[in-house]
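A.B. asks: The structure under discussion is supplied below as structure tokens; questions concerning it will follow.
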There are 2 protein chains.
Amino acid sequence: MQIKNRNSLNNQSQVEKWGRFEIVIQGPQIGNPFVDVRLAAKFEFGHRSIEVDGFYNGNGEYCIRFMPDKVGEWIYRTVSNVPELDSITGTVTVEEPGEGNHGPVSVSNTYHFAYADGTPFYPFGTTSYVWNHQGDQLEKQTLKSLRESGAFNKMRMCIFPKHYDYNLQEPSCYPFQGSPEAGWDFTAFDPEYWRHLEQRINDLQVLGIEIDLILFHPYDRWGFAKMDEATDNLYLQYAVARLSSFRGIWWSLANEYDLMRNKSMSDWDRFFRIIQESDPYQHLRSIHNWHHKMIHRRSDAHWYDHSKPWVTHVSIQHNELAYIDDWKEIYRKPIVIDECRYEGNIDLGWGSLSAERMVECFWQGVAQGAYVTHGETYLHPEGIIWWSHGGTLHGNSPARIRFLKSIMEDGPQLGEVKLNFDWDTAAAGVDEKYYLVYFVDSRPAFRYLPLPDEKEFTIEIIDTWEMKITQLPGTYSGRTRIELPGKLYQALRIKAVL
Amino acid sequence: MQIKNRNSLNNQSQVEKWGRFEIVIQGPQIGNPFVDVRLAAKFEFGHRSIEVDGFYNGNGEYCIRFMPDKVGEWIYRTVSNVPELDSITGTVTVEEPGEGNHGPVSVSNTYHFAYADGTPFYPFGTTSYVWNHQGDQLEKQTLKSLRESGAFNKMRMCIFPKHYDYNLQEPSCYPFQGSPEAGWDFTAFDPEYWRHLEQRINDLQVLGIEIDLILFHPYDRWGFAKMDEATDNLYLQYAVARLSSFRGIWWSLANEYDLMRNKSMSDWDRFFRIIQESDPYQHLRSIHNWHHKMIHRRSDAHWYDHSKPWVTHVSIQHNELAYIDDWKEIYRKPIVIDECRYEGNIDLGWGSLSAERMVECFWQGVAQGAYVTHGETYLHPEGIIWWSHGGTLHGNSPARIRFLKSIMEDGPQLGEVKLNFDWDTAAAGVDEKYYLVYFVDSRPAFRYLPLPDEKEFTIEIIDTWEMKITQLPGTYSGRTRIELPGKLYQALRIKAVL
């Protein structure tokens, strides 16, 4: 029996906090190891213990992965129904996290997110559903585009391949063993597929990009959207065992779950519970809708109830961002608009927004204390569209999104504020300290601002499209008239003088 | 005793159908003729009879006005508690209507309007709340602007003067006798004020513009927004007696009724009933909201229930036109968006829309089978803003609204259609005959149209901003791909080849 540690940096039993520690054990290949072999390990630090599931990686190789959250010496012991894999013990030394490693993201202050080390995380997502199914050259181009753009720190992407308009090619690899022609062995995964996925997850993590990983979706010709209950369960457990040690993972149960005719609300409940019970790190969990109405007036359908306890944040598809205020009040969780239509010019209604409108959605969202996700759908001679395939970003919104991202990163988490900046604005901030105000569809030539008395503020006018910040001279207090350019796409940043 | 007929054209007992026949009687000035004298007349044509109330016009002059709806010889007889005014009889000959006289407008085909002669009426309203309080020079300029623009066929305007931002001047005349300094005699009207109002109503009617007359509003420093019940009743009865014979009148019970803290829902019910009972011609009746939510989530307030039987059409203030479909289903009445923000650049949120957005609201509304009202709020060196004072139109939307109006007037009433032109469009028409399709926020480079098989259609691409119509060559049938310019503000007009 051979045991080895396959850590990202070296082969020693040493790993950084929120890094990935991996135990690899050669074991027997009897029966179907994917279902017949049960393997787990308990990692202990003082009186604390964390149990993690292992998984079969093919070729007689069994793995256990662990993401420690505390510096120091941990011990572990395996548990298995296979004697060769059982009761293996060891220690692992956890070091301080390296640069850029802030740990996994979780909910912070009701409506926001932060890394485990306390650093706020403001999601600026993009969408490239199956970029990881496009072959090495295009996938590397996608990573290059993400790095060069600097606009995005979250990627919505799928495990399963996608069948849809502009998505008719066969991928090179599938999560299950088998083929479209021969059919699938739904009791056996294809480890090569998963290793490739992990490589791409890791690539994103290196770029500081969180992975909003879509577990199910309806765009399917292979049968992955209508697997039976046992297969769904096995698939989820395998995904969690393999992937939960990646600190950047968020679990998105589905894209447009309500288009999956073979799943019921209780299926979605079960999926949430499986993940909640299996994931030792409690990564973020959400589910993404297709239908635009919470309650469908002409049927008895309705949105998945995001107030259920296993939903960590509300992942919404909607193009009317004025509702954010309602959703915040209803759900009391972070609101992420994980689709408000995409910048582009394709024939489909959700894929032909102007760049101006895409950018406006971001501002309207963040200035209500919510978050917004980008996508791009320009026609391309070879059919390479960012929204699905990745490749190159062609649009005019990413530069503006990066500009907004830098403004957000310079400021505090944006909460509800008492000041009323008039109903045509989206406005959020920290009372008496910081306000970000965006004029929605408005382009006034001047405005009165209801600043608090007895405090001094600086005021900057932000042209969100031109990406220009103009500070007004002096400081301001109480009711203040400011002149504005009478143009669309303007915002204000108002900061208390300390 | 002197009796005279004061018709618009001559002094004979002769009037055109839907014209205004007026009996003027000199009578006693004892007591307070506004409240002490009751006067009415019964007009009869064959077995049909119409009772109309008279009113006191000052200087011992009592008037009765009548709008006949049938060509031929009518007889009348007055009824009064004053002997000199009682039992006066006469005849009036009603002739065919003159050119441009189509009669009053009423509801047609559930969601639409038509004149009494059957001609469809597509409301293209504008708003100039107190243009009739601005003095002769400016009022004549307003009429000139309306005539030259050609964009509008409905005017929202108030009876009472207006106190609000940009509206601080004292009018020259008031509906009641008295003054701001000395107070008001709420039992006595100022006939001069009303004669001037009638002159302006008539001026609009001559231009083919319907008068959406606002009976109450909250922008008040004189006390007109908080009169007592008896005064409100008297005021409404006087207004109806004086004005209902103008065929162009629509009764708008209030602008932003829900900002009138001194009125309750049952007051509004009573007002509707008074008008319904007093108006012999059953002119259109509506009421206009301030709050944007039908049901106010944070309070127990809600919209006036437009499904009440005395509401003829739904007059809505809202800037989200995607709801039109819901409102049509809920109310089953014509939907008129009598405020969706205004083109301009003033400091107030509702008054700083771009012209592009104003025009888009019109297209989005009509292509859902509803109607939209314009307003304009550009800063002006002398504070003359179209939305309140009239004057000159400065914006870029009226020319585009006129363009749309001409397209509407060339086509049928736009109903719900079975074809699904994709959810990013507003689309309406007549099944298999005519479709008007507008791309909302979308700018696709091409699109598939789900045209019916076995019918041939012509397709025009309308650039709603550039006001250009491009007909595609040939005819089309079944699923049809069309190339589009990939620009915002495009629409399609699709007509069956007969």
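Letters for chains follow the order of the structure tokens (A, B, ...), residue numbers begin at 1 for each chain, and ligand numbers begin at 1 in the order shown.
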Return the neighbours of chain B among the residues of chain A, cut-off 8 Å, counting only C-alpha atoms, as a tab-separated table (two decimals) with N, CA and C atoms, in the first residue's frame.

C.D. replies:
```
chain	number	residue	atom	x	y	z
A	344	GLY	N	-24.54	42.32	-25.79
A	344	GLY	CA	-24.30	41.59	-27.01
A	344	GLY	C	-25.27	41.97	-28.10
A	345	ASN	N	-25.33	41.12	-29.11
A	345	ASN	CA	-26.22	41.41	-30.25
A	345	ASN	C	-26.78	40.14	-30.88
A	346	ILE	N	-26.82	39.05	-30.12
A	346	ILE	CA	-27.39	37.84	-30.71
A	346	ILE	C	-28.90	37.99	-30.83
A	347	ASP	N	-29.51	37.02	-31.47
A	347	ASP	CA	-30.95	37.11	-31.75
A	347	ASP	C	-31.80	36.95	-30.52
A	348	LEU	N	-31.26	36.36	-29.46
A	348	LEU	CA	-32.10	36.03	-28.31
A	348	LEU	C	-32.26	37.23	-27.39
A	349	GLY	N	-33.46	37.36	-26.83
A	349	GLY	CA	-33.83	38.56	-26.11
A	349	GLY	C	-32.91	38.89	-24.95
A	350	TRP	N	-32.41	37.87	-24.26
A	350	TRP	CA	-31.57	38.12	-23.09
A	350	TRP	C	-30.12	38.39	-23.49
A	351	GLY	N	-29.82	38.32	-24.76
A	351	GLY	CA	-28.42	38.43	-25.18
A	351	GLY	C	-28.16	39.58	-26.12
A	352	SER	N	-28.90	40.66	-25.98
A	352	SER	CA	-28.69	41.78	-26.91
A	352	SER	C	-28.79	43.13	-26.21
A	353	LEU	N	-28.29	43.17	-24.98
A	353	LEU	CA	-28.24	44.45	-24.25
A	353	LEU	C	-27.12	45.32	-24.79
A	354	SER	N	-27.31	46.62	-24.67
A	354	SER	CA	-26.21	47.54	-24.93
A	354	SER	C	-25.23	47.48	-23.76
A	357	ARG	N	-26.43	49.65	-20.88
A	357	ARG	CA	-27.43	49.07	-19.99
A	357	ARG	C	-26.78	48.03	-19.07
A	422	ASP	N	-33.85	60.82	-3.09
A	422	ASP	CA	-34.92	60.90	-4.09
A	422	ASP	C	-35.05	59.55	-4.79
A	423	TRP	N	-36.27	59.27	-5.18
A	423	TRP	CA	-36.62	57.90	-5.59
A	423	TRP	C	-36.02	57.50	-6.93
A	424	ASP	N	-35.51	58.43	-7.70
A	424	ASP	CA	-34.92	58.03	-8.98
A	424	ASP	C	-33.48	57.56	-8.82
A	425	THR	N	-32.99	57.56	-7.59
A	425	THR	CA	-31.61	57.12	-7.37
A	425	THR	C	-31.60	55.75	-6.71
A	441	ASP	N	-31.83	56.16	-14.90
A	441	ASP	CA	-32.61	56.73	-16.01
A	441	ASP	C	-32.70	58.25	-15.93
A	442	SER	N	-32.10	58.87	-14.93
A	442	SER	CA	-32.23	60.31	-14.71
A	442	SER	C	-30.97	61.02	-15.13
A	443	ARG	N	-31.14	62.27	-15.52
A	443	ARG	CA	-29.98	63.08	-15.89
A	443	ARG	C	-30.27	64.53	-15.52
A	444	PRO	N	-30.47	64.77	-14.22
A	444	PRO	CA	-30.78	66.13	-13.77
A	444	PRO	C	-29.61	67.09	-14.00
A	445	ALA	N	-29.94	68.36	-14.16
A	445	ALA	CA	-28.92	69.41	-14.32
A	445	ALA	C	-28.42	69.91	-12.96
A	446	PHE	N	-29.20	69.69	-11.93
A	446	PHE	CA	-28.73	69.94	-10.56
A	446	PHE	C	-29.57	69.12	-9.61
A	447	ARG	N	-29.18	69.10	-8.36
A	447	ARG	CA	-29.94	68.36	-7.37
A	447	ARG	C	-29.64	68.91	-5.99
A	448	TYR	N	-30.63	68.87	-5.11
A	448	TYR	CA	-30.39	69.15	-3.70
A	448	TYR	C	-30.10	67.83	-2.98
A	486	GLY	N	-26.25	66.95	-16.38
A	486	GLY	CA	-27.44	66.75	-17.22
A	486	GLY	C	-27.26	65.61	-18.22
A	488	LEU	N	-26.81	61.22	-18.80
A	488	LEU	CA	-27.09	59.92	-18.20
A	488	LEU	C	-25.82	59.31	-17.59
```

A.B. asks: Neighbours of Arg20 of chain A within 6 Å (only C-alpha atoms; same-chain residues fewer than 2 positions away dropped), as a list of chain:residue names?

C.D. replies: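 Here the qualifying residues turn out to be A:Phe66, A:Met67, A:Ser245.
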
A.B. asks: Emit the selected residues as a PDB file, in the first residue's frame, including C-alpha atoms.

C.D. replies:
```
ATOM      1  CA  PHE A  66      -8.932  18.578   3.260  1.00  0.00           C
ATOM      2  CA  MET A  67      -8.984  22.367   3.535  1.00  0.00           C
ATOM      3  CA  SER A 245     -11.561  21.504  -0.565  1.00  0.00           C
TER       4      SER A 245
END
```

A.B. asks: Using only C-alpha atoms, which protein or nucleic acid residues come within 8 Å of segment 449-454 of chain B? Drop anything in the same chain fewer than 5 positions from it, and give the result as an MDAnalysis selection string.

C.D. replies: chainID B and resid 419:421 432 476:482

A.B. asks: Write the residues you've just listed into a file as a short mmCIF file (atom, residue, chain, number, x, y, z; two decimals), in the first residue's frame, and include N, CA and C atoms for each of them.

C.D. replies:
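Result written to result_3.cif:
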```
data_model
loop_
_atom_site.label_atom_id
_atom_site.label_comp_id
_atom_site.auth_asym_id
_atom_site.auth_seq_id
_atom_site.Cartn_x
_atom_site.Cartn_y
_atom_site.Cartn_z
N LEU B 419 -48.99 35.11 -31.38
CA LEU B 419 -47.58 34.87 -31.71
C LEU B 419 -46.69 35.34 -30.57
N ASN B 420 -45.65 34.57 -30.32
CA ASN B 420 -44.70 34.94 -29.28
C ASN B 420 -43.43 35.49 -29.95
N PHE B 421 -43.29 36.80 -29.92
CA PHE B 421 -42.14 37.44 -30.56
C PHE B 421 -40.93 37.50 -29.61
N GLU B 432 -52.82 37.33 -37.21
CA GLU B 432 -52.70 36.96 -38.63
C GLU B 432 -52.88 38.14 -39.58
N TYR B 476 -43.16 37.35 -46.66
CA TYR B 476 -42.61 36.33 -45.76
C TYR B 476 -43.73 35.51 -45.16
N SER B 477 -43.37 34.30 -44.79
CA SER B 477 -44.36 33.35 -44.29
C SER B 477 -43.65 32.36 -43.37
N GLY B 478 -44.32 31.89 -42.33
CA GLY B 478 -43.72 30.89 -41.45
C GLY B 478 -42.51 31.46 -40.71
N ARG B 479 -41.70 30.56 -40.17
CA ARG B 479 -40.53 30.99 -39.41
C ARG B 479 -39.58 31.73 -40.34
N THR B 480 -39.26 32.97 -40.00
CA THR B 480 -38.53 33.86 -40.91
C THR B 480 -37.37 34.50 -40.18
N ARG B 481 -36.19 34.38 -40.76
CA ARG B 481 -35.05 35.08 -40.20
C ARG B 481 -34.95 36.46 -40.84
N ILE B 482 -34.84 37.48 -40.01
CA ILE B 482 -34.59 38.81 -40.57
C ILE B 482 -33.33 39.38 -39.95
#
```
